[in-house]
Amino acid sequence: MKTRTFTKTKLATSLSLVLGLGSMMPAHAAEDAGDENIEVIQVTGIRGSLVKSMDVKRSSNGIVDAINAEDIGKFPDSNLAESLQRISGVSIDRQNGEGSKVTVRGFGPDRNLVMLNNRQMPTTTGSRSFDFANVASEAISAVEVEKTSQAKNSTGGIGATINVLTQRPLNNPGQKASFGVKAVDDTSTDQGSITPELSALYSNTFADDKFGISISASYQDRESGNQQAQVGTGWRSFPGSVDQDWSGSPGANPEWGGVPKDANQINRPGDSDVYSVPQTTIYRFEEQQRKRTNGQLVLQYEPIDSVRTTLDYTYMRNDVDTQSHDVSAWFNFVPTQESTWSDGPVSSPLVYSENYPGGGADLSMAAGDFGTRDEGGSLGFNVEWDASEKLSLELDYHNSYAERSPNSPNGSSSNLSTAAFIRTSAATDFTGEVPVLAVGNGNNVRPEDMRITGSVFGNAVNRSEIEQVQISGTYDFEDAGSIDFGIASTEVNNHSQSVNVQRNDWGGVGAAGDLDAAWFPAGTVQDKFDGSKGNFGSYEGSASTDPLNTIFLWDFEAVRARAAELYASSAVGDCGNGFCPSTDYASDTDRFTEETSKSAYLQYNYFGEIGDMPFDVHLGLRYEQTDVESTSAVSEFGSATWIAETEIAVNPTGERIFLTETGDYDYYLPNVNFNIEVVEDVYVRAAYSETIGRPDYTSIQGGTVVGTLANRGGGSGTKGNPGLLPLESTNYDISAEWYFDQGSYASVGYFRKDVTNFIDNGVVESNIYNIPDPSHSAYVNEAIAAGQTTAIAQRQWIYDNYGATDPNVTINPANGNIEITGNPGDDDLLFLINQPTNDSESSVIDGWEFAVQHFFGETGFGMQANYTLVNAGDSYDNANLNRPGDLPQNVEVGISDTANIVAMYENYGVTARVAWNWRDEFLNATGNGTGANPQYTEAYSQVDFSIGYDIPQVEGLTVFLEGLNITNETTRVHGRATEQVLNYTQTGARYGLGARYTF
């Protein structure tokens, strides 16, 4: 094949580049180079990998970082994201302790384009972010992270374009094979099992290296778990002037959830402050089993030197089964609140407490048992043709799919709740890392107290298909530079369906004795968490301050099956009752979105010298035109029923609404990249570009979806917007790189991104279905006038006075609960509809990147270190409650500083590496709960290590030991203030012992 010729003579002859090529080229390559004085040094392993990565960086047209495999079948980490986080400016999101998605220069996963062999890949989550947990690393040869843009790059990567490259046999001729086995012990799970990982790769070339075949396969079985403390339904936020007026007197400023202005509040927030109250406190314990299967077949044929064809198929499957148990207490916002508050202006409860005179409130214990399957495949065909000495052409086609589907009899999600109606009070201390819940009478709960309450069994299918054709070429003008050109067509089809079988019997069904006490083994709570905990200090409220320490880890299948025998339900799944999922997707949400993009680009490349300084410049222009069409079918609702103190069921009519919406946009995107070697081994790079970041697929779906369970504060829903425009970013970069020794370099860079068209998830209050709200009705006003101040008392008063005459006021025979359906004339039930919109405001995001890599002579020791400083411009204003009249907040999420330090050793058959990765606190979302509250992920660091030894008696055999998160770090997410914990998650360390044989 034709190879590109550079005029950077110093770069081309650098020892560093020779070192890199030495590990990849056959021995006769040096002879063909025509210079017998060049010494070819074979460098492999850690050092070889880093040298190759450094040479990619050094010879690039822009600012690029890369990671290369240390040998065939040996990528530095078993998870690609774990490797990527060691690149400056790259940080990762973890799912259950494993790297999942990447953030680059502060831009989150949706703002980075991930490609597989230069091809855009489908996703199954509604976002554009690629989940690296689905891809095994054994078949990966390299990952390149392009931080500056070129015209030939596909659009979508404001932070970076990440290209994952798989093994190609003709790139590495001859017979090669690798086999690996590993036993993994994940300390986060209570199951205590050792799970296997297997991998194999075979590559060979035939017929004088004209035909090549590569086949790889891997299997990973992982058992993991986590322990979580949550305010899972979020916090409700209010101005300090808002209270909960229990008398209904004229002139009051009441809102459900507001805190009374009375003597029971210690340091109650002032009118000029803002404050938040928790809706729940939950302890959740989860076990997860994951089976990942990957495979790839590559066939290459080079009939003549100027033509190379490649046919490849990649398959990925990831089965995840999850079992969960939780115990929780809901706060009902009753008059008997006794709480202690932090100082303003953003105030939080240090201890939040409620009493329930007479008892009878619920202590909930829910469980889930469900599974999903992520499956995907990509069939690709590529032809490279050197049509002449000056012209080369390339055709690339691929058809790829990804699908997430249910993989359990209980659906893709399930939650079956039980409860004991014994609670006399509830209080939570928020002064520690872990919230501490105390429940009056909670530690006296018995198995025979438990009754079935509500449940949700959900099924969801998400399928994405991409068909893409790319034609590209290069024409070389010899001394006058070259031109890159190309056109592409990309069609993305997304189809999402979901259906829930939801029973709203939250007040309980059945009676004591329905469930076998043997199904409810008791476990403990507080000892499961290592983080600091509050102890209620000197709080002297009347609520119990005895921390809840009892949870029943009950048998989900036994209880579910018994409930299906005993209790009838209007919600029916495939099994004929309400305790299983449905596959009747036509009865619920069905959305189809097609995004068609056409593009063309032209880029001029020139290489020359200014005095003794080699330079290259690249001037490009890319045109993108995109059409979006979304058709949605969603349920229609006709009434609402007040079914429990705080719960309101929204009742579907059985009809569906169909709607088609469209959108379109087009852009001209210029770019300039300039690189110069100012003195030997010192490079300066400057770049300018305009890029776009497309909205996520969920945001451009049409239709409005509302939850089937509301509360006295209203319902909630989401609405897509196919007319959304992408983010627009004008990018400036400048960097300096010094390659000061063999395999060693230092670099510093500044970047700036001027971003407009932010997508703001605004909340709109809507009475979309004009449904009467039974909790804000004439009956309720009459009950208040009669002196009934609590929801329980109001509901009872309404039944006592209207149960005999109004058919909308009834007793549910299944559970004995009062049910009140709204009447015409009542206030409409309001929904807070979350809809994405573009905002005209702009923001500047800039930062600095520092990196160094060095090997200490022939000692075998080396190190890497980098630090990225990112400034997000305006920070989120926690005192802004995003209420009508408040200024919109255009703050990009995911912005944070990051740092990495890696120490390495490689000598005498021993390889060792220890890595420390750190990410500072960052805003991860702005739309949580009532009031569109912010979510902050707190600073997190992790220490990983690996050590290997080449067995001298068996050439090619290596044994290794690796550990991840060996210091058992935890993650914590909070709201407007540190005390407002949303999630505290504890996983644990993971260790692997294995062997790899390569020949």
# chains A, B, ... in the order shown; residues from 1 in each chain; ligands from 1

call {"tool": "residues_around", "arguments": {"residues": "Asn731 in chain A", "least_positions_apart": "3", "cutoff": "7 Å", "atoms": "only C-alpha atoms", "output": "list in words"}}
result
Tyr688, Ser689, Glu690, Arg752, Lys753 and Asp754 of chain A

call {"tool": "residues_around", "arguments": {"residues": "Arg317 in chain A", "least_positions_apart": "4", "cutoff": "7 Å", "atoms": "only C-alpha atoms", "output": "list in words"}}
result
Arg292, Thr293, Asn294, Asp374, Glu375 and Gly376 of chain A

call {"tool": "write_last_selection", "arguments": {"atoms": "C-alpha atoms", "output": "compact mmCIF listing (two decimals), in the first residue's frame"}}
result
# COMPACT_ATOMS: atom_id res chain seq x y z
CA ARG A 292 -19.80 -10.20 28.25
CA THR A 293 -19.07 -11.92 24.95
CA ASN A 294 -17.08 -10.30 22.14
CA ASP A 374 -27.06 -5.37 25.15
CA GLU A 375 -26.28 -6.89 21.80
CA GLY A 376 -24.66 -5.37 18.76

call {"tool": "closest_residue", "arguments": {"among": "A:Ser203, A:Gln85, A:Thr336, A:Asn117", "to": "Val102 in chain A", "atoms": "only C-alpha atoms"}}
result
A:Gln85

call {"tool": "residues_around", "arguments": {"residues": "Gly192 in chain A", "least_positions_apart": "3", "cutoff": "12 Å", "atoms": "only C-alpha atoms", "output": "number ranges by chain"}}
result
A: 184-189, 195, 222-225, 287, 990

call {"tool": "residues_around", "arguments": {"residues": "Gly89 in chain A", "least_positions_apart": "3", "cutoff": "8 Å", "atoms": "only C-alpha atoms", "output": "list of chain:residue names"}}
result
A:Val104, A:Arg105, A:Gly106, A:Glu849, A:Tyr867, A:Thr868, A:Thr898

call {"tool": "residues_around", "arguments": {"residues": "Thr322 in chain A", "least_positions_apart": "3", "cutoff": "8 Å", "atoms": "only C-alpha atoms", "output": "ChimeraX atom specification"}}
result
/A:286-289,368-371

call {"tool": "residues_around", "arguments": {"residues": "Val672 in chain A", "least_positions_apart": "6", "cutoff": "10 Å", "atoms": "only C-alpha atoms", "output": "ChimeraX atom specification"}}
result
/A:62,148-151,603-605,617-621,686-690,732

call {"tool": "write_last_selection", "arguments": {"atoms": "C-alpha atoms", "output": "mmCIF file, in the first residue's frame"}}
result
data_model
loop_
_atom_site.group_PDB
_atom_site.id
_atom_site.type_symbol
_atom_site.label_atom_id
_atom_site.label_comp_id
_atom_site.auth_asym_id
_atom_site.auth_seq_id
_atom_site.Cartn_x
_atom_site.Cartn_y
_atom_site.Cartn_z
ATOM 1 C CA GLY A 62 -3.111 18.266 15.360
ATOM 2 C CA THR A 148 -8.377 19.226 17.622
ATOM 3 C CA SER A 149 -10.580 18.899 14.596
ATOM 4 C CA GLN A 150 -9.814 18.154 10.978
ATOM 5 C CA ALA A 151 -12.247 18.453 8.103
ATOM 6 C CA GLN A 603 -8.741 19.894 3.250
ATOM 7 C CA TYR A 604 -5.471 21.290 1.890
ATOM 8 C CA ASN A 605 -2.201 20.097 3.474
ATOM 9 C CA VAL A 617 -0.387 23.496 7.820
ATOM 10 C CA HIS A 618 -3.845 22.026 7.179
ATOM 11 C CA LEU A 619 -6.768 24.177 5.975
ATOM 12 C CA GLY A 620 -10.138 22.474 5.822
ATOM 13 C CA LEU A 621 -13.857 23.008 5.393
ATOM 14 C CA ALA A 686 -1.859 25.938 16.956
ATOM 15 C CA ALA A 687 -5.387 25.132 15.811
ATOM 16 C CA TYR A 688 -8.701 26.791 15.099
ATOM 17 C CA SER A 689 -11.928 24.959 14.310
ATOM 18 C CA GLU A 690 -15.692 25.117 14.465
ATOM 19 C CA TYR A 732 -8.779 27.534 19.862
#

call {"tool": "select_by_dssp", "arguments": {"residues": "range 787-830 of chain A", "states": "alpha helix (DSSP H)", "output": "list in words"}}
result
Ala791, Ile792, Ala793, Gln794, Arg795, Gln796, Trp797, Ile798, Tyr799, Asp800, Asn801 and Tyr802 of chain A

call {"tool": "closest_residue", "arguments": {"among": "A:Met365, A:Val914, A:Val90, A:Ala387", "to": "Ile895 in chain A", "atoms": "only C-alpha atoms"}}
result
A:Val90

call {"tool": "atom_distance", "arguments": {"atom1": "CA of Ile282 in chain A", "atom2": "CA of Phe536 in chain A"}}
result
17.3 Å

call {"tool": "atom_distance", "arguments": {"atom1": "CA of Val456 in chain A", "atom2": "CA of Ser405 in chain A"}}
result
17.1 Å

call {"tool": "select_by_dssp", "arguments": {"residues": "range 48-161 of chain A", "states": "strand (DSSP E)", "output": "ChimeraX atom specification"}}
result
/A:64-68,90-95,98-104,113-116,119-120,140-146,161
